[in-house]
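K.L.:
Input: one structure, supplied below.
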Amino acid sequence: MKISEIARLLTATVEGDSALEIRRVAKIEEAGEGDLTFLANPKYARYLALTRASAVIVGKTVMAEGRPPEAPPLTLLHVDDPYVGFVRMLAHFNPPQPPLPPGIHPAAFLAPSAVIGADVRIGPFAVIGERVRVGDRSMIGPCTVIGNDASIGDDAVVYSNVTVREGCIIGHRCVLQPGAVIGSDGFGFAPKADGTYEKIPQMGIVVLEDDVEIGANTTVDRATLGETRIKKGVKLDNLIQVAHNVVIGENTVMAAQTGISGSTRIGKNVMVAGQVGFTGHIEIADGVKVGAQSGVHRALTKPGAAYFGTPAYTQREAMRIYGSFPQLPDLLATVRSLQKRIEELEHAQSDQSTSP
């Protein structure tokens, strides 16, 4: 594929050879002749002078400075967002392959009342329950179970060993990675006088709106009553726990091992790093960013603010707090020294007051 064709696809400005032929895409530190790469993160800027790639997707103002004379010629494609441009070209050079062959495998089980759309692919040992609806062009992987009265939208991809329990709703173009569980019981138990627990029936459902992706072994619990709702465009990483009656707003993204307690409401365009814990019954404003391993024990009400730490503080407060930690040993020694000095002064004063 020629640079001129790539430039048209990306609406890029070319600095260099537009007739250059590109064979594949690669990382900037590993690319060679005929490769296309990108530079978006400033910490990789040094590679621009060293890369053996034939072309690099860069920002509007980036220059290829400091390249040694023996380095091969380098063509730059200037775009507004190099990372987005690279992702588009990565997909173009490596189009996704369907995880299943066309048709329904003879070893799959489909209930008689299930309604299956056009061009659906279903793998071996999948179980499709009563009154399930599967939309056009969707794929259901091997050993996946779709419970009674659940529905799957058009163009959805449900990989192997996924469970979608009864009544849950999966929107169009959703992706459920292997091992995901949608609609497991919420964690509800009422303590009894004898010290045992009575299970609270979990009567609600889970709704995944369109274009949601759920990572491998992530669980989204059904509501006690009503819905647990994951709104349009949300992306959840692997090993995330979403409890009953949680609502996650549009285009929010969360990294692995995050846990959200029941009835918490998270706004749209929120970014959550790994291993964050949210207590229940709180609200998180739109656009909030939460740093890794933070513990969120209260509502975060300032839209767009960044938080970090356990308990979570604004990022500026957290940096001051955590920055003081290395000084604590010296501070403790100072306090003990002052305490000893005060005791000595009090003892001396006591001796003077009792002198004849």
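Residues are named by chain letter and number: chains run A, B, ... in the order of the structure tokens, numbers start at 1 in each chain, and ligands are numbered from 1 in the order shown.
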Quick one: everything within 12 Å of Leu48 (chain A), counting only C-alpha atoms, minus sequence neighbours fewer than 2 positions away in the same chain. Send it as an MDAnalysis selection string.

P.N.:
chainID A and resid 27:31 37:46 50:58 62:68 71:76

K.L.:
May I have all residues of region 121-328 of chain A that DSSP, computed from the backbone, assigns to alpha helix (DSSP H), given as a PDB file with C-alpha atoms, in the first residue's frame?

P.N.:
ATOM      1  CA  GLN A 315      -4.437  14.302  42.640  1.00  0.00           C
ATOM      2  CA  ARG A 316      -2.789  17.475  43.962  1.00  0.00           C
ATOM      3  CA  GLU A 317      -3.715  16.644  47.571  1.00  0.00           C
ATOM      4  CA  ALA A 318      -2.631  13.031  47.135  1.00  0.00           C
ATOM      5  CA  MET A 319       0.802  14.018  45.807  1.00  0.00           C
ATOM      6  CA  ARG A 320       1.357  16.269  48.841  1.00  0.00           C
ATOM      7  CA  ILE A 321       0.245  13.523  51.238  1.00  0.00           C
ATOM      8  CA  TYR A 322       2.262  10.731  49.638  1.00  0.00           C
ATOM      9  CA  GLY A 323       5.217  13.044  49.146  1.00  0.00           C
ATOM     10  CA  SER A 324       5.389  13.553  52.918  1.00  0.00           C
ATOM     11  CA  LEU A 328       7.841  10.525  58.535  1.00  0.00           C
TER      12      LEU A 328
END

K.L.:
Using only C-alpha atoms, which residues sit within 8 Å of Val246 (chain A) once same-chain residues fewer than 5 positions away are excluded, as a compact mmCIF listing (two decimals) with C-alpha atoms, in the first residue's frame?

P.N.:
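Output file part_33.txt is given in full below:
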# COMPACT_ATOMS: atom_id res chain seq x y z
CA ALA A 223 -30.01 -6.10 40.04
CA THR A 228 -27.74 -3.08 36.47
CA ARG A 229 -27.02 -0.92 33.42
CA ILE A 260 -17.69 -1.49 42.14
CA SER A 261 -20.01 -2.01 45.10
CA GLY A 262 -23.79 -2.07 44.82
CA SER A 263 -25.94 0.87 43.68
CA THR A 264 -22.99 3.09 42.79
CA ARG A 265 -23.56 5.39 39.82
CA ILE A 266 -20.56 6.27 37.64

K.L.:
Excluding Glu21 (chain A) and any residue of its chain fewer than 6 positions from it, enumerate the residues within 12 Å of it, using only C-alpha atoms, and give them as a ChimeraX atom specification.

P.N.:
/A:1-6,33-36,53-55,75

K.L.:
Output N, CA, C and O atoms for every residue in that selection, as a compact mmCIF listing (two decimals), in the first residue's frame.

P.N.:
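Result file follows (out_0.txt):
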# COMPACT_ATOMS: atom_id res chain seq x y z
N MET A 1 0.86 -1.19 0.00
CA MET A 1 0.00 0.00 0.00
C MET A 1 0.90 1.24 0.00
O MET A 1 1.82 1.36 0.81
N LYS A 2 0.61 2.16 -0.91
CA LYS A 2 1.46 3.34 -1.04
C LYS A 2 1.14 4.39 0.03
O LYS A 2 0.02 4.46 0.55
N ILE A 3 2.14 5.19 0.35
CA ILE A 3 1.98 6.27 1.32
C ILE A 3 0.85 7.21 0.89
O ILE A 3 0.07 7.69 1.72
N SER A 4 0.74 7.47 -0.40
CA SER A 4 -0.32 8.37 -0.88
C SER A 4 -1.71 7.83 -0.54
O SER A 4 -2.62 8.59 -0.19
N GLU A 5 -1.89 6.50 -0.62
CA GLU A 5 -3.18 5.89 -0.27
C GLU A 5 -3.43 5.98 1.24
O GLU A 5 -4.55 6.26 1.67
N ILE A 6 -2.38 5.75 2.02
CA ILE A 6 -2.52 5.86 3.48
C ILE A 6 -2.88 7.30 3.86
O ILE A 6 -3.72 7.54 4.73
N GLU A 33 12.61 -1.67 7.18
CA GLU A 33 12.29 -1.17 5.85
C GLU A 33 10.92 -1.69 5.40
O GLU A 33 10.61 -2.88 5.57
N GLY A 34 10.11 -0.81 4.85
CA GLY A 34 8.77 -1.18 4.39
C GLY A 34 7.72 -1.16 5.49
O GLY A 34 6.56 -1.46 5.23
N ASP A 35 8.12 -0.78 6.72
CA ASP A 35 7.18 -0.75 7.84
C ASP A 35 6.66 0.66 8.08
O ASP A 35 7.35 1.66 7.87
N LEU A 36 5.42 0.69 8.60
CA LEU A 36 4.79 1.93 9.06
C LEU A 36 4.66 1.85 10.57
O LEU A 36 4.24 0.83 11.11
N ALA A 53 12.16 2.31 10.38
CA ALA A 53 10.90 2.30 9.64
C ALA A 53 11.00 3.18 8.40
O ALA A 53 11.79 4.14 8.36
N SER A 54 10.16 2.87 7.42
CA SER A 54 10.11 3.70 6.22
C SER A 54 9.22 4.93 6.41
O SER A 54 9.45 5.96 5.78
N ALA A 55 8.20 4.82 7.29
CA ALA A 55 7.28 5.92 7.49
C ALA A 55 6.76 5.91 8.92
O ALA A 55 6.63 4.85 9.54
N THR A 75 9.83 8.97 5.92
CA THR A 75 8.67 9.75 5.50
C THR A 75 7.74 9.93 6.70
O THR A 75 7.49 8.98 7.45

K.L.:
Which residues, written as a list in words, have at least one atom at most 8 Å from Val288 (chain A), with only C-alpha atoms counted and residues fewer than 4 positions away on the same chain left out?

P.N.:
Gly267, Asn269, Val270, Met271, Ile284, Leu300, Lys302, Pro303, Gly304, Ala305, Ala306 and Tyr307 of chain A

K.L.:
Would you mind writing down, as a PyMOL selection string, each residue of region 24-112 of chain A that DSSP on the backbone assigns to strand (DSSP E)?

P.N.:
chain A and resi 24-25+35-38+55-58+75-78+109-110

K.L.:
Restrict the selected residues to N, CA and C atoms and save them as a PDB file, in the first residue's frame.

P.N.:
ATOM      1  N   ARG A  24       3.654  -3.469   6.073  1.00  0.00           N
ATOM      2  CA  ARG A  24       3.053  -3.845   7.354  1.00  0.00           C
ATOM      3  C   ARG A  24       3.219  -2.702   8.345  1.00  0.00           C
ATOM      4  N   VAL A  25       2.628  -2.852   9.548  1.00  0.00           N
ATOM      5  CA  VAL A  25       2.807  -1.892  10.638  1.00  0.00           C
ATOM      6  C   VAL A  25       3.598  -2.571  11.750  1.00  0.00           C
ATOM      7  N   ASP A  35       8.119  -0.780   6.716  1.00  0.00           N
ATOM      8  CA  ASP A  35       7.176  -0.752   7.843  1.00  0.00           C
ATOM      9  C   ASP A  35       6.658   0.657   8.083  1.00  0.00           C
ATOM     10  N   LEU A  36       5.417   0.692   8.601  1.00  0.00           N
ATOM     11  CA  LEU A  36       4.786   1.926   9.055  1.00  0.00           C
ATOM     12  C   LEU A  36       4.661   1.854  10.570  1.00  0.00           C
ATOM     13  N   THR A  37       5.020   2.932  11.255  1.00  0.00           N
ATOM     14  CA  THR A  37       4.865   2.988  12.704  1.00  0.00           C
ATOM     15  C   THR A  37       4.282   4.340  13.095  1.00  0.00           C
ATOM     16  N   PHE A  38       4.280   4.640  14.408  1.00  0.00           N
ATOM     17  CA  PHE A  38       3.697   5.907  14.846  1.00  0.00           C
ATOM     18  C   PHE A  38       4.442   6.415  16.070  1.00  0.00           C
ATOM     19  N   ALA A  55       8.203   4.815   7.287  1.00  0.00           N
ATOM     20  CA  ALA A  55       7.276   5.924   7.487  1.00  0.00           C
ATOM     21  C   ALA A  55       6.761   5.911   8.918  1.00  0.00           C
ATOM     22  N   VAL A  56       6.472   7.112   9.426  1.00  0.00           N
ATOM     23  CA  VAL A  56       5.978   7.260  10.800  1.00  0.00           C
ATOM     24  C   VAL A  56       4.784   8.215  10.793  1.00  0.00           C
ATOM     25  N   ILE A  57       3.708   7.792  11.474  1.00  0.00           N
ATOM     26  CA  ILE A  57       2.557   8.664  11.690  1.00  0.00           C
ATOM     27  C   ILE A  57       2.858   9.520  12.914  1.00  0.00           C
ATOM     28  N   VAL A  58       2.819  10.832  12.760  1.00  0.00           N
ATOM     29  CA  VAL A  58       3.206  11.745  13.836  1.00  0.00           C
ATOM     30  C   VAL A  58       2.182  12.876  13.943  1.00  0.00           C
ATOM     31  N   THR A  75       9.831   8.974   5.917  1.00  0.00           N
ATOM     32  CA  THR A  75       8.668   9.748   5.498  1.00  0.00           C
ATOM     33  C   THR A  75       7.742   9.929   6.702  1.00  0.00           C
ATOM     34  N   LEU A  76       7.243  11.139   6.900  1.00  0.00           N
ATOM     35  CA  LEU A  76       6.336  11.450   8.007  1.00  0.00           C
ATOM     36  C   LEU A  76       4.934  11.700   7.467  1.00  0.00           C
ATOM     37  N   LEU A  77       3.955  11.157   8.183  1.00  0.00           N
ATOM     38  CA  LEU A  77       2.556  11.451   7.883  1.00  0.00           C
ATOM     39  C   LEU A  77       1.988  12.241   9.062  1.00  0.00           C
ATOM     40  N   HIS A  78       1.714  13.512   8.849  1.00  0.00           N
ATOM     41  CA  HIS A  78       1.260  14.403   9.915  1.00  0.00           C
ATOM     42  C   HIS A  78      -0.270  14.344  10.034  1.00  0.00           C
ATOM     43  N   PHE A 109     -26.869 -26.563  21.157  1.00  0.00           N
ATOM     44  CA  PHE A 109     -28.261 -26.810  21.530  1.00  0.00           C
ATOM     45  C   PHE A 109     -29.036 -25.508  21.453  1.00  0.00           C
ATOM     46  N   LEU A 110     -30.109 -25.516  20.672  1.00  0.00           N
ATOM     47  CA  LEU A 110     -30.997 -24.356  20.543  1.00  0.00           C
ATOM     48  C   LEU A 110     -32.388 -24.758  20.985  1.00  0.00           C
TER      49      LEU A 110
END

K.L.:
Near Ile240 (chain A), counting only C-alpha atoms, which residues have an atom at most 6 Å away, once you skip same-chain residues fewer than 4 positions from it, shown as an NGL selection string?

P.N.:
:A and (218 or 256-259)

K.L.:
One number please: CA of Asn94 (chain A) to CA of Arg23 (chain A), in Å, one decimal.

P.N.:
11.1 Å

K.L.:
Let me make sure I understand: among A:Arg298, A:His172, A:Arg133, A:Lys60, which one has the smallest atom-to-atom distance to Pro112 (chain A) if we use only C-alpha atoms?

P.N.:
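Closest to Pro112 (chain A) of all the choices is A:Arg133.
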